[in-house]
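Here is the structure we will look at, set down as structure tokens.
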Amino acid sequence: MNEHFHFKRWGLLVQKHWRENRKKYLLSLGAIAGLLIIWFSIMMLAEQHNPYSEEWQVSTFYVGLALTGWLFASLFFGEMAGGPKAMHYLSVPASALEKLLCAVLFATVLFTVCYVAIFYLVDMTMVQVANKVLPGWAAEKNVIYQEQAVVNVFRAPVNEDGNYYYWLFIAFIHTQAAFLLGSINFPAYSFVKTTVSVLLVFLFFVLYVSQVLINLLPEGTYVSPDFTAYSLRSYDYRKGIKLADWIGDTITFLFQYGWAPLLWSVTYFRLKEKEV
Amino acid sequence: MITIQDLQFSYKKRKVFNGLSLQLHAGHIYGLLGKNGTGKSTLLRNIAGLLFPDGGSIRVLHHKPGERKPSFLRDIFMVAEEFYLPDLRPELLVKYYAPFYPNFNKQHFDHYLKEFEIPHDNEPQQMSYGQKKKVLISLGLAANTPVLLMDEPTNGLDIMSKSQFRRVMAGCIDDNKCIVISTHQVKDLENLIDRITIIDEGRILFDQTIENITRRLSFGITFNQEDVQHALYSEASLRGNAVIMANTEGEESKLDLELLYKAIILNRASIQSVFNA
């Protein structure tokens, strides 16, 4: 049997994990549904002529996904905080890779699928409720009620340039990987410590570009988001430096898709070297 | 089966082991004795791959424990002092844990639960600490792993349960298993272990088989002051003086593990001299 990954063994681990945690997970999903219902209801009371605009639904989806997802991921390896649970977890006869993939499956894939399902279940129900209840109220108050519709949170509005919703989703996957790493790195107060760490990394990046790199280069400005093109201001606006396209493409690709695999790899090694 | 050579281990600045070497073989129940904080649990965790040595080496069934390979983890089971038992009924524990252990025996598990008087359909929320521990011990024994480590297994068990534990353990040893029981409650291991290893301040103070101990030492109670003066170790008790003497005449006596333990901690040189002779 392969020491690193064996599908049957991984399947057993997934089954075991689900059976041991299903009550907790189902209750958590119920709590998310409850919070969404409360939030949709508050909005219905606050904005009766157009409670569920496209922007509002999209914002609710992504803010809810991020907050609950990060919290869920930061609790995943929470069992590593306590000695007995950590000993039990590390002693289960499965490889670190299988344990990591089990964590990614539950904390990222299944969580996201379940959140999307719950969000749309609540969204569709509340849109229908709004369309039944609010027109009557609007007629009474003599205001115009805008028919509500369920939006596709993964597709950008037709008048927008580029599907930034897709990138929001990709950003969520990356940050989710960061919180999963945080849950094994910071056994206590994982959510807070990971949030602070992510902010510090982001701040470091901004300061590095704005304070260090800028000072190393002649006066000018970056003209491409991947930092591969630079325009020299002091001489001539037409003069600039541009790296080869493949460098820009590689940086963009890694920036867009590389974070989560990188963070999962770090999580794998942290899991392997975990002592209790 | 377990070979430890020149083990070095420390918690930050506190040195626990400085060159500990030990060999443990199949077919024995080892009693790992020592005061609180002497490194018994640390040693077991090093063997189980839950802690990594700073130096030296540990080999368990030719595996390096720290790598925590599945082939190693399925050959070892540890019942920790502070343990975690998943929130599952015993029958579900078997369903979800047995597939990980190739030699798991469901009939053995049922037998152990019966011995411990734990119903199969008991909800974990209804179980006491002691009952949960007995379920975990049953699971560990039924897993039939070649190496079974138990850290203070009788802690939290009542008198009847301790007796059940001894009965269960006595029936489970076979030539392919190496069982290591760490405890500071030495009385609980009497008549159970066949080799005693006492560690103190990170080193082996004493390591002998029960057979060798009873062949070389005799244990008894005496009122005779001359015997007390010649004893390797003596201790006043209500029944008289409990003594350990050199067994020069091949007499058979019942091992008093607690007395031996105290003798080794307080007067090791005289006890050791008998074994060195």
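Residues in the structure tokens are numbered from 1 in each chain, the chains being A, B, ... in the order shown, and ligands are numbered from 1 in the order shown.
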*Write down as a ChimeraX atom specification the residues belonging to range 94-123 of chain B that are assigned alpha helix (DSSP H) by DSSP computed on the backbone.*
/B:94-97,106-115
_10 Å contact set for His111 in chain B, only C-alpha atoms, chain neighbours under 6 positions out, as a list of chain:residue names_ =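 Listed by chain and then number, they are B:Asn105, B:Glu117, B:Ser138, B:Ala142, B:Val168.
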For the selection just defined, write its residues with N, CA, C and O atoms to a file, as a short mmCIF file (atom, residue, chain, number, x, y, z; two decimals), in the first residue's frame.
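The resulting part29.cif:
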data_model
loop_
_atom_site.label_atom_id
_atom_site.label_comp_id
_atom_site.auth_asym_id
_atom_site.auth_seq_id
_atom_site.Cartn_x
_atom_site.Cartn_y
_atom_site.Cartn_z
N ASN B 105 -9.74 -7.40 15.64
CA ASN B 105 -10.59 -8.55 15.88
C ASN B 105 -11.84 -8.10 16.62
O ASN B 105 -11.79 -7.75 17.80
N GLU B 117 -17.74 -4.81 31.29
CA GLU B 117 -19.16 -4.53 31.56
C GLU B 117 -19.63 -3.23 30.91
O GLU B 117 -20.26 -2.38 31.54
N SER B 138 -10.15 -1.35 25.26
CA SER B 138 -10.68 -2.48 24.48
C SER B 138 -10.35 -2.31 23.01
O SER B 138 -9.97 -3.27 22.33
N ALA B 142 -8.05 -4.82 20.93
CA ALA B 142 -8.65 -5.54 19.79
C ALA B 142 -7.96 -5.19 18.47
O ALA B 142 -8.05 -5.94 17.51
N VAL B 168 -8.07 -8.59 31.99
CA VAL B 168 -8.08 -8.45 30.53
C VAL B 168 -6.66 -8.49 29.98
O VAL B 168 -6.36 -9.19 29.01
#
*asked:* I need the contact residues of chain B against chain A, so if you could list those with any atom within 12 Å, counting only C-alpha atoms, and return them as a VMD selection string, that would help.
replied: chain B and resid 11 41 to 42 44 to 53 65 to 89 92 to 102 124 136 140 143 145 149
*Expected answer as a ChimeraX atom specification: strand (DSSP E) residues in range 90-250 of chain A*: /A:220-222,229-232,240-242
Selection from above, C-alpha atoms, as a PDB file, in the first residue's frame, can you write it?
ATOM      1  CA  GLY A 220       8.184  56.594 -12.423  1.00  0.00           C
ATOM      2  CA  THR A 221       5.240  54.313 -11.994  1.00  0.00           C
ATOM      3  CA  TYR A 222       4.139  50.770 -12.673  1.00  0.00           C
ATOM      4  CA  ALA A 229       6.036  47.237 -16.944  1.00  0.00           C
ATOM      5  CA  TYR A 230       7.430  50.486 -15.564  1.00  0.00           C
ATOM      6  CA  SER A 231       7.156  53.976 -17.025  1.00  0.00           C
ATOM      7  CA  LEU A 232       9.939  56.515 -16.361  1.00  0.00           C
ATOM      8  CA  GLY A 240       9.687  52.609 -20.041  1.00  0.00           C
ATOM      9  CA  ILE A 241      10.857  49.167 -19.112  1.00  0.00           C
ATOM     10  CA  LYS A 242       8.846  46.102 -19.927  1.00  0.00           C
TER      11      LYS A 242
END
*What's the 12 Å shell around Lys114 in chain B, counting only C-alpha atoms, without same-chain residues fewer than 4 positions away, as a list in words?*
Pro90, Gln107, His108, Phe109, Asp110, Ile118, Pro119, His120, Gln131, Lys134, Val135, Ser138, Gln164, Phe165 and Val168 of chain B
Once you have the residues from the selection above, write them out as a PDB file, in the first residue's frame, restricted to N, CA, C and O atoms.
ATOM      1  N   PRO B  90     -19.688   2.313  20.877  1.00  0.00           N
ATOM      2  CA  PRO B  90     -18.633   1.317  20.653  1.00  0.00           C
ATOM      3  C   PRO B  90     -18.760   0.605  19.308  1.00  0.00           C
ATOM      4  O   PRO B  90     -17.766   0.385  18.623  1.00  0.00           O
ATOM      5  N   GLN B 107     -14.398  -9.849  17.540  1.00  0.00           N
ATOM      6  CA  GLN B 107     -14.792 -10.740  18.643  1.00  0.00           C
ATOM      7  C   GLN B 107     -14.006 -10.406  19.918  1.00  0.00           C
ATOM      8  O   GLN B 107     -14.566 -10.427  21.021  1.00  0.00           O
ATOM      9  N   HIS B 108     -12.736 -10.087  19.731  1.00  0.00           N
ATOM     10  CA  HIS B 108     -11.936  -9.692  20.899  1.00  0.00           C
ATOM     11  C   HIS B 108     -12.515  -8.426  21.516  1.00  0.00           C
ATOM     12  O   HIS B 108     -12.626  -8.314  22.739  1.00  0.00           O
ATOM     13  N   PHE B 109     -12.877  -7.476  20.653  1.00  0.00           N
ATOM     14  CA  PHE B 109     -13.424  -6.207  21.155  1.00  0.00           C
ATOM     15  C   PHE B 109     -14.690  -6.471  21.976  1.00  0.00           C
ATOM     16  O   PHE B 109     -14.841  -5.940  23.086  1.00  0.00           O
ATOM     17  N   ASP B 110     -15.570  -7.311  21.422  1.00  0.00           N
ATOM     18  CA  ASP B 110     -16.809  -7.640  22.140  1.00  0.00           C
ATOM     19  C   ASP B 110     -16.489  -8.295  23.485  1.00  0.00           C
ATOM     20  O   ASP B 110     -17.115  -8.000  24.506  1.00  0.00           O
ATOM     21  N   ILE B 118     -19.263  -3.059  29.638  1.00  0.00           N
ATOM     22  CA  ILE B 118     -19.711  -1.887  28.881  1.00  0.00           C
ATOM     23  C   ILE B 118     -20.701  -2.364  27.811  1.00  0.00           C
ATOM     24  O   ILE B 118     -20.325  -3.156  26.949  1.00  0.00           O
ATOM     25  N   PRO B 119     -21.929  -1.890  27.827  1.00  0.00           N
ATOM     26  CA  PRO B 119     -22.877  -2.285  26.768  1.00  0.00           C
ATOM     27  C   PRO B 119     -22.460  -1.708  25.410  1.00  0.00           C
ATOM     28  O   PRO B 119     -21.946  -0.597  25.338  1.00  0.00           O
ATOM     29  N   HIS B 120     -22.697  -2.482  24.350  1.00  0.00           N
ATOM     30  CA  HIS B 120     -22.303  -2.069  23.004  1.00  0.00           C
ATOM     31  C   HIS B 120     -22.998  -0.801  22.530  1.00  0.00           C
ATOM     32  O   HIS B 120     -22.449  -0.033  21.761  1.00  0.00           O
ATOM     33  N   GLN B 131     -15.450   4.552  32.040  1.00  0.00           N
ATOM     34  CA  GLN B 131     -16.033   3.691  30.995  1.00  0.00           C
ATOM     35  C   GLN B 131     -15.424   4.014  29.627  1.00  0.00           C
ATOM     36  O   GLN B 131     -15.133   3.125  28.841  1.00  0.00           O
ATOM     37  N   LYS B 134     -12.124   2.488  29.390  1.00  0.00           N
ATOM     38  CA  LYS B 134     -12.187   1.051  29.171  1.00  0.00           C
ATOM     39  C   LYS B 134     -12.541   0.732  27.716  1.00  0.00           C
ATOM     40  O   LYS B 134     -12.057  -0.247  27.154  1.00  0.00           O
ATOM     41  N   VAL B 135     -13.367   1.569  27.093  1.00  0.00           N
ATOM     42  CA  VAL B 135     -13.683   1.375  25.670  1.00  0.00           C
ATOM     43  C   VAL B 135     -12.418   1.564  24.837  1.00  0.00           C
ATOM     44  O   VAL B 135     -12.129   0.775  23.929  1.00  0.00           O
ATOM     45  N   SER B 138     -10.155  -1.352  25.263  1.00  0.00           N
ATOM     46  CA  SER B 138     -10.684  -2.478  24.475  1.00  0.00           C
ATOM     47  C   SER B 138     -10.353  -2.309  23.006  1.00  0.00           C
ATOM     48  O   SER B 138      -9.971  -3.268  22.325  1.00  0.00           O
ATOM     49  N   GLN B 164     -10.563  -5.664  36.683  1.00  0.00           N
ATOM     50  CA  GLN B 164     -10.958  -6.088  35.325  1.00  0.00           C
ATOM     51  C   GLN B 164      -9.806  -5.848  34.356  1.00  0.00           C
ATOM     52  O   GLN B 164      -9.519  -6.676  33.487  1.00  0.00           O
ATOM     53  N   PHE B 165      -9.167  -4.703  34.525  1.00  0.00           N
ATOM     54  CA  PHE B 165      -8.051  -4.352  33.634  1.00  0.00           C
ATOM     55  C   PHE B 165      -6.950  -5.404  33.705  1.00  0.00           C
ATOM     56  O   PHE B 165      -6.447  -5.882  32.684  1.00  0.00           O
ATOM     57  N   VAL B 168      -8.070  -8.587  31.988  1.00  0.00           N
ATOM     58  CA  VAL B 168      -8.084  -8.455  30.527  1.00  0.00           C
ATOM     59  C   VAL B 168      -6.660  -8.487  29.979  1.00  0.00           C
ATOM     60  O   VAL B 168      -6.359  -9.192  29.013  1.00  0.00           O
TER      61      VAL B 168
END
*asked:* I need the residue nearest Met126 in chain A from this list: A:Ile247, A:Leu254, A:Val150, A:Met80. Use only C-alpha atoms for the distance.
replied: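 Comparing A:Ile247, A:Leu254, A:Val150, A:Met80 against Met126 in chain A, the winner is A:Val150.
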_Taking 3 positions as the minimum chain separation for residues in the same chain, which residues sit within 8 Å of Leu134 in chain A when counting only C-alpha atoms? Answer as a ChimeraX atom specification._
/A:48-49,130-131,137-138,145
Output N, CA and C atoms for every residue in the selection just made, as a PDB file, in the first residue's frame.
ATOM      1  N   GLN A  48     -37.840  48.168   1.559  1.00  0.00           N
ATOM      2  CA  GLN A  48     -39.006  47.425   1.098  1.00  0.00           C
ATOM      3  C   GLN A  48     -39.286  47.558  -0.404  1.00  0.00           C
ATOM      4  N   HIS A  49     -38.787  48.600  -1.043  1.00  0.00           N
ATOM      5  CA  HIS A  49     -39.096  48.715  -2.479  1.00  0.00           C
ATOM      6  C   HIS A  49     -38.128  47.916  -3.355  1.00  0.00           C
ATOM      7  N   ALA A 130     -40.453  37.859  -0.657  1.00  0.00           N
ATOM      8  CA  ALA A 130     -40.485  39.310  -0.907  1.00  0.00           C
ATOM      9  C   ALA A 130     -41.456  39.634  -2.037  1.00  0.00           C
ATOM     10  N   ASN A 131     -41.410  38.833  -3.107  1.00  0.00           N
ATOM     11  CA  ASN A 131     -42.282  39.096  -4.252  1.00  0.00           C
ATOM     12  C   ASN A 131     -43.752  38.844  -3.930  1.00  0.00           C
ATOM     13  N   TRP A 137     -47.731  45.680   0.038  1.00  0.00           N
ATOM     14  CA  TRP A 137     -47.334  46.790   0.911  1.00  0.00           C
ATOM     15  C   TRP A 137     -47.018  48.036   0.066  1.00  0.00           C
ATOM     16  N   ALA A 138     -46.332  47.817  -1.094  1.00  0.00           N
ATOM     17  CA  ALA A 138     -45.957  48.935  -1.961  1.00  0.00           C
ATOM     18  C   ALA A 138     -47.202  49.626  -2.511  1.00  0.00           C
ATOM     19  N   TYR A 145     -42.681  49.055  -6.426  1.00  0.00           N
ATOM     20  CA  TYR A 145     -41.941  47.880  -5.971  1.00  0.00           C
ATOM     21  C   TYR A 145     -41.241  47.256  -7.166  1.00  0.00           C
TER      22      TYR A 145
END
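Shortest separation to Arg59 in chain B among B:Asn224, B:Lys40, B:Tyr30, B:Thr3 occurs at residue B:Thr3, atoms counted being only C-alpha atoms.
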